[in-house]
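Undergrad: Coordinates in my_file_32.cif, mmCIF, C-alpha atoms and all ligand atoms, are listed below.
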data_upload
#
loop_
_atom_site.label_atom_id
_atom_site.label_comp_id
_atom_site.auth_asym_id
_atom_site.auth_seq_id
_atom_site.Cartn_x
_atom_site.Cartn_y
_atom_site.Cartn_z
CA MET P 1336 -9.16 -4.23 14.72
CA SER P 1337 -8.58 -7.09 17.10
CA SER P 1338 -5.11 -8.24 17.94
CA THR P 1339 -5.53 -11.38 15.85
CA PRO P 1340 -4.48 -10.60 12.31
CA SER P 1341 -6.48 -13.45 10.85
CA ASP P 1342 -9.73 -11.96 12.19
CA SER P 1343 -11.77 -10.45 9.41
CA PRO P 1344 -11.25 -6.70 9.04
CA SER P 1345 -13.48 -6.74 5.97
CA GLN P 1346 -15.31 -3.54 6.84
CA ARG P 1347 -11.95 -1.80 7.04
CA VAL P 1348 -10.47 -3.07 3.80
CA PRO P 1349 -10.95 -0.28 1.30
CA ALA P 1350 -12.00 -0.97 -2.25
CA ALA P 1351 -9.09 -1.35 -4.64
CA SER P 1352 -9.30 1.79 -6.67
CA GLU P 1353 -7.01 4.44 -8.06
CA HIS P 1354 -8.29 6.76 -5.33
CA LEU P 1355 -6.41 4.99 -2.58
CA HIS P 1356 -4.22 7.10 -0.37
CA VAL P 1357 -0.97 5.32 0.37
CA ALA P 1358 1.39 6.36 3.17
CA VAL P 1359 4.99 5.35 2.55
CA LEU P 1360 7.06 5.31 5.75
CA GLY P 1361 10.70 5.65 4.82
CA ALA P 1362 11.97 8.03 2.18
CA GLY P 1363 15.13 6.17 1.27
CA ARG P 1364 15.97 4.01 -1.72
CA VAL P 1365 12.98 1.67 -1.48
CA GLY P 1366 10.47 4.19 -0.16
CA THR P 1367 11.09 6.70 -2.94
CA ALA P 1368 11.04 4.05 -5.70
CA VAL P 1369 7.75 2.66 -4.38
CA ALA P 1370 6.35 6.18 -3.97
CA ARG P 1371 7.18 7.15 -7.56
CA SER P 1372 5.66 3.93 -8.88
CA LEU P 1373 2.48 4.58 -6.91
CA LEU P 1374 2.29 8.18 -8.06
CA ASP P 1375 2.80 7.17 -11.67
CA ALA P 1376 -0.02 4.65 -11.30
CA GLY P 1377 -2.30 7.45 -10.12
CA TYR P 1378 -2.36 6.96 -6.38
CA ARG P 1379 -2.21 9.71 -3.80
CA VAL P 1380 0.99 9.28 -1.80
CA SER P 1381 2.20 10.65 1.51
CA LEU P 1382 5.82 10.18 2.46
CA SER P 1383 7.51 10.32 5.83
CA ALA P 1384 11.01 9.87 7.20
CA SER P 1385 12.09 9.75 10.81
CA GLY P 1386 11.70 13.44 11.47
CA ASP P 1387 10.34 16.79 10.41
CA PRO P 1388 8.70 16.73 6.96
CA ALA P 1389 10.05 20.23 6.36
CA GLN P 1390 13.44 18.59 5.96
CA LEU P 1391 11.98 16.16 3.46
CA ALA P 1392 10.17 18.75 1.37
CA LEU P 1393 12.95 19.78 -1.03
CA MET P 1394 14.08 16.21 -1.59
CA ALA P 1395 10.49 15.09 -2.18
CA GLU P 1396 9.89 17.91 -4.65
CA ILE P 1397 12.81 16.70 -6.74
CA VAL P 1398 12.88 12.95 -6.11
CA THR P 1399 9.21 12.09 -5.63
CA PRO P 1400 7.27 15.01 -7.15
CA GLY P 1401 3.64 14.81 -6.16
CA ALA P 1402 4.24 12.94 -2.90
CA GLU P 1403 3.17 14.84 0.20
CA PRO P 1404 5.88 14.98 2.89
CA LYS P 1405 4.34 14.53 6.33
CA TRP P 1406 5.05 13.55 9.88
CA THR P 1407 4.57 9.80 10.09
CA ARG P 1408 1.54 10.25 12.33
CA ASP P 1409 -0.14 12.55 9.79
CA ALA P 1410 0.81 10.40 6.80
CA VAL P 1411 -0.83 7.37 8.35
CA ALA P 1412 -3.86 9.21 9.72
CA ASP P 1413 -6.08 9.02 6.65
CA ALA P 1414 -4.17 6.46 4.61
CA ASP P 1415 -5.92 3.43 3.12
CA LEU P 1416 -2.65 1.54 2.93
CA VAL P 1417 0.68 1.93 4.70
CA ILE P 1418 4.01 0.81 3.29
CA LEU P 1419 6.88 0.18 5.68
CA ALA P 1420 10.19 0.92 3.98
CA VAL P 1421 12.42 1.70 6.93
CA PRO P 1422 15.49 -0.29 7.98
CA LEU P 1423 14.36 -3.05 10.36
CA HIS P 1424 16.64 -1.80 13.12
CA ARG P 1425 14.67 1.45 13.08
CA LEU P 1426 11.25 -0.17 13.13
CA GLN P 1427 11.07 -0.11 16.91
CA HIS P 1428 10.64 3.66 16.60
CA VAL P 1429 7.37 3.33 14.70
CA ASP P 1430 4.56 3.44 17.24
CA PRO P 1431 2.39 0.29 16.94
CA ALA P 1432 -0.66 2.32 17.99
CA LEU P 1433 -0.30 4.35 14.78
CA LEU P 1434 -0.80 1.26 12.65
CA GLU P 1435 -3.74 -0.09 14.61
CA GLY P 1436 -6.43 -1.23 12.18
CA ARG P 1437 -4.27 -0.60 9.10
CA ILE P 1438 -3.24 -2.78 6.23
CA VAL P 1439 0.53 -2.51 6.26
CA VAL P 1440 2.85 -3.65 3.50
CA ASP P 1441 6.18 -4.90 4.78
CA ALA P 1442 8.73 -4.05 2.08
CA MET P 1443 11.64 -4.64 4.44
CA ASN P 1444 14.38 -7.24 4.80
CA TYR P 1445 16.55 -8.26 7.69
CA TRP P 1446 20.01 -7.28 6.55
CA PRO P 1447 22.56 -7.81 9.37
CA PRO P 1448 25.32 -5.66 7.81
CA VAL P 1449 22.93 -2.72 8.10
CA ASP P 1450 20.58 -3.83 10.85
CA GLY P 1451 23.09 -5.46 13.16
CA GLU P 1452 22.13 -8.52 15.15
CA ILE P 1453 18.43 -8.42 16.08
CA PRO P 1454 17.64 -11.71 17.86
CA ALA P 1455 13.98 -11.91 16.82
CA PHE P 1456 14.92 -11.61 13.15
CA ALA P 1457 18.23 -13.46 13.36
CA ALA P 1458 16.46 -16.63 14.50
CA GLY P 1459 15.27 -16.75 10.91
CA THR P 1460 12.87 -19.63 11.31
CA ARG P 1461 9.54 -17.90 10.84
CA GLY P 1462 10.03 -15.23 8.22
CA SER P 1463 10.79 -11.62 9.05
CA SER P 1464 7.24 -10.48 8.28
CA VAL P 1465 5.89 -12.78 11.00
CA VAL P 1466 8.07 -10.87 13.45
CA VAL P 1467 6.89 -7.56 11.97
CA GLN P 1468 3.29 -8.74 12.40
CA GLU P 1469 4.02 -9.48 16.05
CA MET P 1470 5.48 -6.01 16.50
CA PHE P 1471 2.27 -4.51 15.09
CA PRO P 1472 -0.46 -6.81 16.41
CA GLY P 1473 -3.26 -4.39 15.57
CA ALA P 1474 -2.30 -4.18 11.90
CA VAL P 1475 -2.77 -6.64 9.06
CA VAL P 1476 0.70 -7.15 7.59
CA VAL P 1477 1.21 -8.08 3.95
CA LYS P 1478 4.67 -8.77 2.57
CA SER P 1479 5.50 -7.32 -0.84
CA PHE P 1480 8.12 -5.30 -2.73
CA ASN P 1481 10.94 -6.74 -0.61
CA HIS P 1482 12.34 -9.27 -3.07
CA THR P 1483 13.14 -6.85 -5.87
CA GLY P 1484 16.02 -4.39 -5.82
CA TYR P 1485 15.04 -0.77 -5.38
CA SER P 1486 16.76 0.13 -8.63
CA SER P 1487 14.82 -2.50 -10.59
CA LEU P 1488 11.36 -1.71 -9.31
CA GLU P 1489 10.63 1.15 -11.70
CA PRO P 1490 12.43 0.04 -14.90
CA ASP P 1491 10.86 -3.43 -14.65
CA ARG P 1492 7.29 -2.13 -14.59
CA ARG P 1493 5.28 -3.33 -17.60
CA PRO P 1494 1.63 -3.18 -18.61
CA ALA P 1495 -0.60 -6.25 -18.20
CA GLY P 1496 0.00 -8.82 -20.89
CA HIS P 1497 3.42 -7.49 -21.84
CA PRO P 1498 5.78 -10.41 -22.59
CA GLU P 1499 8.42 -8.97 -20.25
CA ARG P 1500 6.07 -8.39 -17.36
CA LEU P 1501 7.46 -9.77 -14.09
CA GLY P 1502 5.82 -11.09 -10.96
CA LEU P 1503 5.78 -9.54 -7.52
CA ALA P 1504 4.82 -11.63 -4.51
CA VAL P 1505 2.05 -10.49 -2.19
CA ALA P 1506 2.03 -12.62 0.95
CA GLY P 1507 -0.31 -12.51 3.88
CA ASP P 1508 -2.62 -14.33 6.19
CA HIS P 1509 -5.64 -12.23 5.30
CA PRO P 1510 -7.02 -12.84 1.78
CA GLU P 1511 -8.82 -9.51 1.51
CA ALA P 1512 -5.71 -7.56 2.41
CA VAL P 1513 -3.68 -9.66 -0.02
CA ALA P 1514 -6.27 -8.91 -2.70
CA LEU P 1515 -6.06 -5.17 -2.06
CA VAL P 1516 -2.27 -5.08 -2.23
CA SER P 1517 -2.38 -7.34 -5.30
CA ALA P 1518 -4.60 -4.81 -7.07
CA VAL P 1519 -2.05 -2.10 -6.32
CA VAL P 1520 0.84 -4.27 -7.53
CA GLU P 1521 -1.09 -5.07 -10.69
CA LYS P 1522 -1.69 -1.39 -11.38
CA ILE P 1523 1.91 -0.48 -10.75
CA GLY P 1524 2.97 -2.88 -13.47
CA TYR P 1525 3.59 -6.38 -12.11
CA ASP P 1526 1.70 -9.66 -12.03
CA PRO P 1527 0.82 -10.11 -8.37
CA VAL P 1528 1.61 -13.58 -7.02
CA PRO P 1529 -0.45 -14.19 -3.89
CA VAL P 1530 1.17 -16.29 -1.18
CA ALA P 1531 -1.20 -17.61 1.44
CA SER P 1532 0.85 -17.06 4.57
CA LEU P 1533 3.44 -14.71 6.02
CA SER P 1534 5.13 -17.78 7.43
CA ALA P 1535 5.74 -19.16 3.94
CA THR P 1536 7.94 -16.34 2.71
CA ALA P 1537 11.48 -17.62 3.29
CA PHE P 1538 11.85 -17.90 -0.49
CA LEU P 1539 11.34 -14.13 -0.78
CA GLN P 1540 13.92 -13.18 1.83
CA PRO P 1541 17.66 -12.67 1.50
CA GLY P 1542 19.11 -16.08 0.69
CA GLY P 1543 15.81 -17.29 -0.75
CA ASP P 1544 15.39 -18.39 -4.36
CA ALA P 1545 13.24 -15.43 -5.37
CA PHE P 1546 15.28 -12.76 -3.66
CA GLY P 1547 16.81 -10.45 -6.23
CA ALA P 1548 15.68 -12.71 -9.08
CA ARG P 1549 13.76 -11.20 -11.96
CA LEU P 1550 10.96 -13.76 -12.32
CA THR P 1551 7.70 -13.92 -14.20
CA GLY P 1552 4.54 -14.47 -12.21
CA ALA P 1553 4.51 -18.15 -13.19
CA GLN P 1554 8.13 -18.64 -12.16
CA LEU P 1555 7.53 -16.91 -8.85
CA GLU P 1556 4.39 -18.92 -8.20
CA ALA P 1557 6.28 -22.14 -8.87
CA LEU P 1558 8.81 -21.16 -6.22
CA SER P 1559 6.19 -20.30 -3.67
CA GLY P 1560 4.88 -23.85 -3.39
CA VAL P 1561 1.84 -22.51 -1.58
CA PRO P 1562 -1.61 -22.30 -3.10
CA ALA P 1563 -2.98 -18.80 -3.54
CA PRO P 1564 -5.66 -17.65 -1.13
CA VAL P 1565 -9.17 -17.06 -2.39
CA ALA P 1566 -10.07 -13.42 -1.86
N1 LIG P 1601 17.93 -1.53 -1.05
C1 LIG P 1601 17.14 -2.40 -1.67
O1 LIG P 1601 17.29 -2.68 -2.88
C2 LIG P 1601 16.02 -3.03 -0.93
C3 LIG P 1601 15.09 -3.75 -1.64
C4 LIG P 1601 13.98 -4.27 -0.97
C5 LIG P 1601 13.87 -4.06 0.40
N2 LIG P 1601 14.81 -3.37 1.08
C6 LIG P 1601 14.58 -3.14 2.50
O2 LIG P 1601 13.81 -1.94 2.61
C7 LIG P 1601 14.11 -1.30 3.85
C8 LIG P 1601 14.54 0.14 3.55
O3 LIG P 1601 15.77 0.08 2.83
P1 LIG P 1601 16.35 1.38 2.10
O4 LIG P 1601 17.51 0.87 1.33
O5 LIG P 1601 15.28 2.12 1.39
O6 LIG P 1601 16.82 2.23 3.37
P2 LIG P 1601 17.41 3.72 3.36
O7 LIG P 1601 17.74 4.14 1.98
O8 LIG P 1601 18.46 3.74 4.41
O9 LIG P 1601 16.17 4.62 3.82
C9 LIG P 1601 15.58 4.44 5.07
C10 LIG P 1601 14.50 5.50 5.25
O10 LIG P 1601 13.75 5.14 6.42
C11 LIG P 1601 13.55 6.34 7.15
N3 LIG P 1601 13.24 6.05 8.53
C12 LIG P 1601 14.05 5.58 9.50
N4 LIG P 1601 13.38 5.45 10.65
C13 LIG P 1601 12.11 5.86 10.40
C14 LIG P 1601 10.95 5.98 11.20
N5 LIG P 1601 10.93 5.62 12.49
N6 LIG P 1601 9.80 6.46 10.62
C15 LIG P 1601 9.79 6.80 9.30
N7 LIG P 1601 10.88 6.73 8.50
C16 LIG P 1601 12.02 6.25 9.04
C17 LIG P 1601 14.82 7.11 6.96
O11 LIG P 1601 14.61 8.45 7.32
P3 LIG P 1601 15.78 9.34 8.04
O12 LIG P 1601 16.76 9.61 6.96
O13 LIG P 1601 15.03 10.52 8.54
O14 LIG P 1601 16.34 8.46 9.12
C18 LIG P 1601 15.04 6.90 5.47
O15 LIG P 1601 14.26 7.81 4.74
C19 LIG P 1601 15.19 -2.14 4.53
O16 LIG P 1601 14.59 -3.05 5.41
C20 LIG P 1601 15.80 -2.90 3.36
O17 LIG P 1601 16.41 -4.12 3.75
C21 LIG P 1601 15.87 -2.84 0.44
#
As structure tokens, how would this structure be written, given the file I've shared?
TA:
Amino acid sequence: MSSTPSDSPSQRVPAASEHLHVAVLGAGRVGTAVARSLLDAGYRVSLSASGDPAQLALMAEIVTPGAEPKWTRDAVADADLVILAVPLHRLQHVDPALLEGRIVVDAMNYWPPVDGEIPAFAAGTRGSSVVVQEMFPGAVVVKSFNHTGYSSLEPDRRPAGHPERLGLAVAGDHPEAVALVSAVVEKIGYDPVPVASLSATAFLQPGGDAFGARLTGAQLEALSGVPAPVA
């Protein structure tokens, strides 16, 4: 994939199907909640932490049964989709070359009490996912999962059409990647709310109106103020 994320990677965007293999990088609160949701929706899931998967195996067996613990490199190797769920201050340890040509979901937030002061994120003017995209220029970054609490993600899942079904934003500069992630979000149990640009995601970040709010798709869309991309 070229280094310009808006270039079309259409031949590399896999079809949205239940046969997708998703690599979740980060086996903490968010990573395990996302992994369980994916597994329950029928996806194949690999899970990695910062080190040896042997140390992850017992935890994964109990906390995310069905997920395959792997080295990050191996998890990503044949994944159709990669989810980044590591603390932002640890992201510098993820090799950009590994994510070359991948669709990468940024589920992370800049959280100074945990992350410390990171100038690129602290500037706060462009949206943290724009910075993440710059850190991984060969990937297509899509922002999702970040605005809901890890403990709400699973209990709030509902089937399509359910009156209590909530929305989950899916933001990105590449409509096909947004469409793929939206299909996954839909299957997990949320109404995907596409947002046309990574740079228009301040409302999803800490301090933004949608952050931590339990909103329907329509409510979330009203907050976005950005027309949805056409996939
Ligand atoms: N907490 C929430 O409700 C919430 C909601 C949405 C988004 N977020 C955001 O999601 C991100 C993760 O938060 P969290 O609460 O899940 O963190 P966490 O519980 O501290 O877990 C972090 C995980 O990332 C792993 N990790 C660290 N460096 C890594 C690397 N280089 N490669 C692969 N894995 C690595 C850690 O593995 P080791 O143990 O081996 O270091 C650990 O499994 C943060 O940016 C956070 O702001 C949090």
Undergrad: Produce as number ranges by chain the set of residues near ligand LIG 1601 (chain P), where near means within 6 Å with all atoms listed in the file considered.
TA: P: 1360-1366, 1383-1386, 1420-1423, 1425-1426, 1428-1429, 1442-1446, 1481-1485
Undergrad: Please measure the separation of atom CA of P:Leu1373 and atom CA of P:Gly1542, giving the value in Å to one decimal.
TA: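 So the answer is 27.6 Å.
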Undergrad: Show me, as a list in words, the residues that have an atom within 7 Å of P:Val1440 when counting all atoms listed in the file, minus same-chain residues fewer than 2 positions from it.
TA: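 Final neighbour list, sorted by chain and number: Val1417, Ile1418, Leu1419, Ile1438, Ala1442, Val1476, Val1477, Lys1478 and Ser1479 of chain P.
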Undergrad: Quick one, how far is atom CA of P:Val1475 from atom CA of P:Ser1534?
TA: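 One can read the atom CA of P:Val1475 to atom CA of P:Ser1534 distance as 13.8 Å.
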Undergrad: Nearest to P:Tyr1525: which of P:Asp1375, P:Asp1441, P:Glu1452, P:Glu1499 is it, counting only C-alpha atoms?
TA: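 Closest candidate: P:Glu1499.
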Undergrad: For a test of reading the model, state the distance in Å between atom CA of P:Arg1493 and atom CA of P:Val1520, rounded to one decimal.
TA: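 Between atom CA of P:Arg1493 and atom CA of P:Val1520 the gap works out to 11.0 Å.
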Undergrad: Would you please work out which residue, of P:Val1398, P:Ala1531, P:Leu1503, P:Leu1382, is nearest to P:Val1519 when using all atoms listed in the file?
TA: P:Leu1503
Undergrad: Taking into account all atoms listed in the file, which residue in the set P:Ala1414, P:Leu1501, P:Leu1533, P:Ala1458 is nearest to P:Tyr1378?
TA: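 Under the stated criterion, the closest residue is P:Ala1414.
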Undergrad: From the options P:Val1380, P:Val1465, P:Ala1412, P:Val1359, which residue's atoms come nearest to P:Glu1435, counting only C-alpha atoms?
TA: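 Smallest separation from P:Glu1435 among the options: P:Ala1412.
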Undergrad: Show me, as a list in words, the residues that have an atom within 7 Å of P:Val1528 when counting only C-alpha atoms, minus same-chain residues fewer than 2 positions from it.
TA: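 In the requested form, the answer reads Gly1502, Leu1503, Ala1504, Val1505, Asp1526, Val1530, Gly1552 and Glu1556 of chain P.
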Undergrad: Within 9 Å of P:Phe1456, counting all atoms listed in the file, which residues qualify if same-chain residues fewer than 5 places away don't, as a VMD selection string?
TA: chain P and resid 1445 1461 to 1463 1466
Undergrad: Nearest to P:Glu1511: which of P:Pro1529, P:Pro1454, P:Ala1495, P:Arg1408 is it, counting all atoms listed in the file?
TA: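 Looking only at the distances to P:Glu1511, the closest residue turns out to be P:Pro1529.
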Undergrad: Counting all atoms listed in the file, which of P:Leu1539, P:Ala1410, P:Ala1455, P:Ala1376 gets nearest to P:Lys1522?
TA: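 That would be P:Ala1376, the residue with the smallest distance to P:Lys1522.
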Undergrad: Skip P:Ala1537 itself and residues of its chain fewer than 6 positions away, then list as a PDB file with C-alpha atoms, in the frame of the given file all residues within 10 Å of it, counting only C-alpha atoms.
TA:
ATOM      1  CA  GLY P1459      15.270 -16.750  10.910  1.00  0.00           C
ATOM      2  CA  THR P1460      12.870 -19.630  11.310  1.00  0.00           C
ATOM      3  CA  ARG P1461       9.540 -17.900  10.840  1.00  0.00           C
ATOM      4  CA  GLY P1462      10.030 -15.230   8.220  1.00  0.00           C
ATOM      5  CA  SER P1463      10.790 -11.620   9.050  1.00  0.00           C
ATOM      6  CA  SER P1464       7.240 -10.480   8.280  1.00  0.00           C
ATOM      7  CA  GLY P1543      15.810 -17.290  -0.750  1.00  0.00           C
ATOM      8  CA  ASP P1544      15.390 -18.390  -4.360  1.00  0.00           C
ATOM      9  CA  ALA P1545      13.240 -15.430  -5.370  1.00  0.00           C
ATOM     10  CA  PHE P1546      15.280 -12.760  -3.660  1.00  0.00           C
ATOM     11  CA  SER P1559       6.190 -20.300  -3.670  1.00  0.00           C
TER      12      SER P1559
END
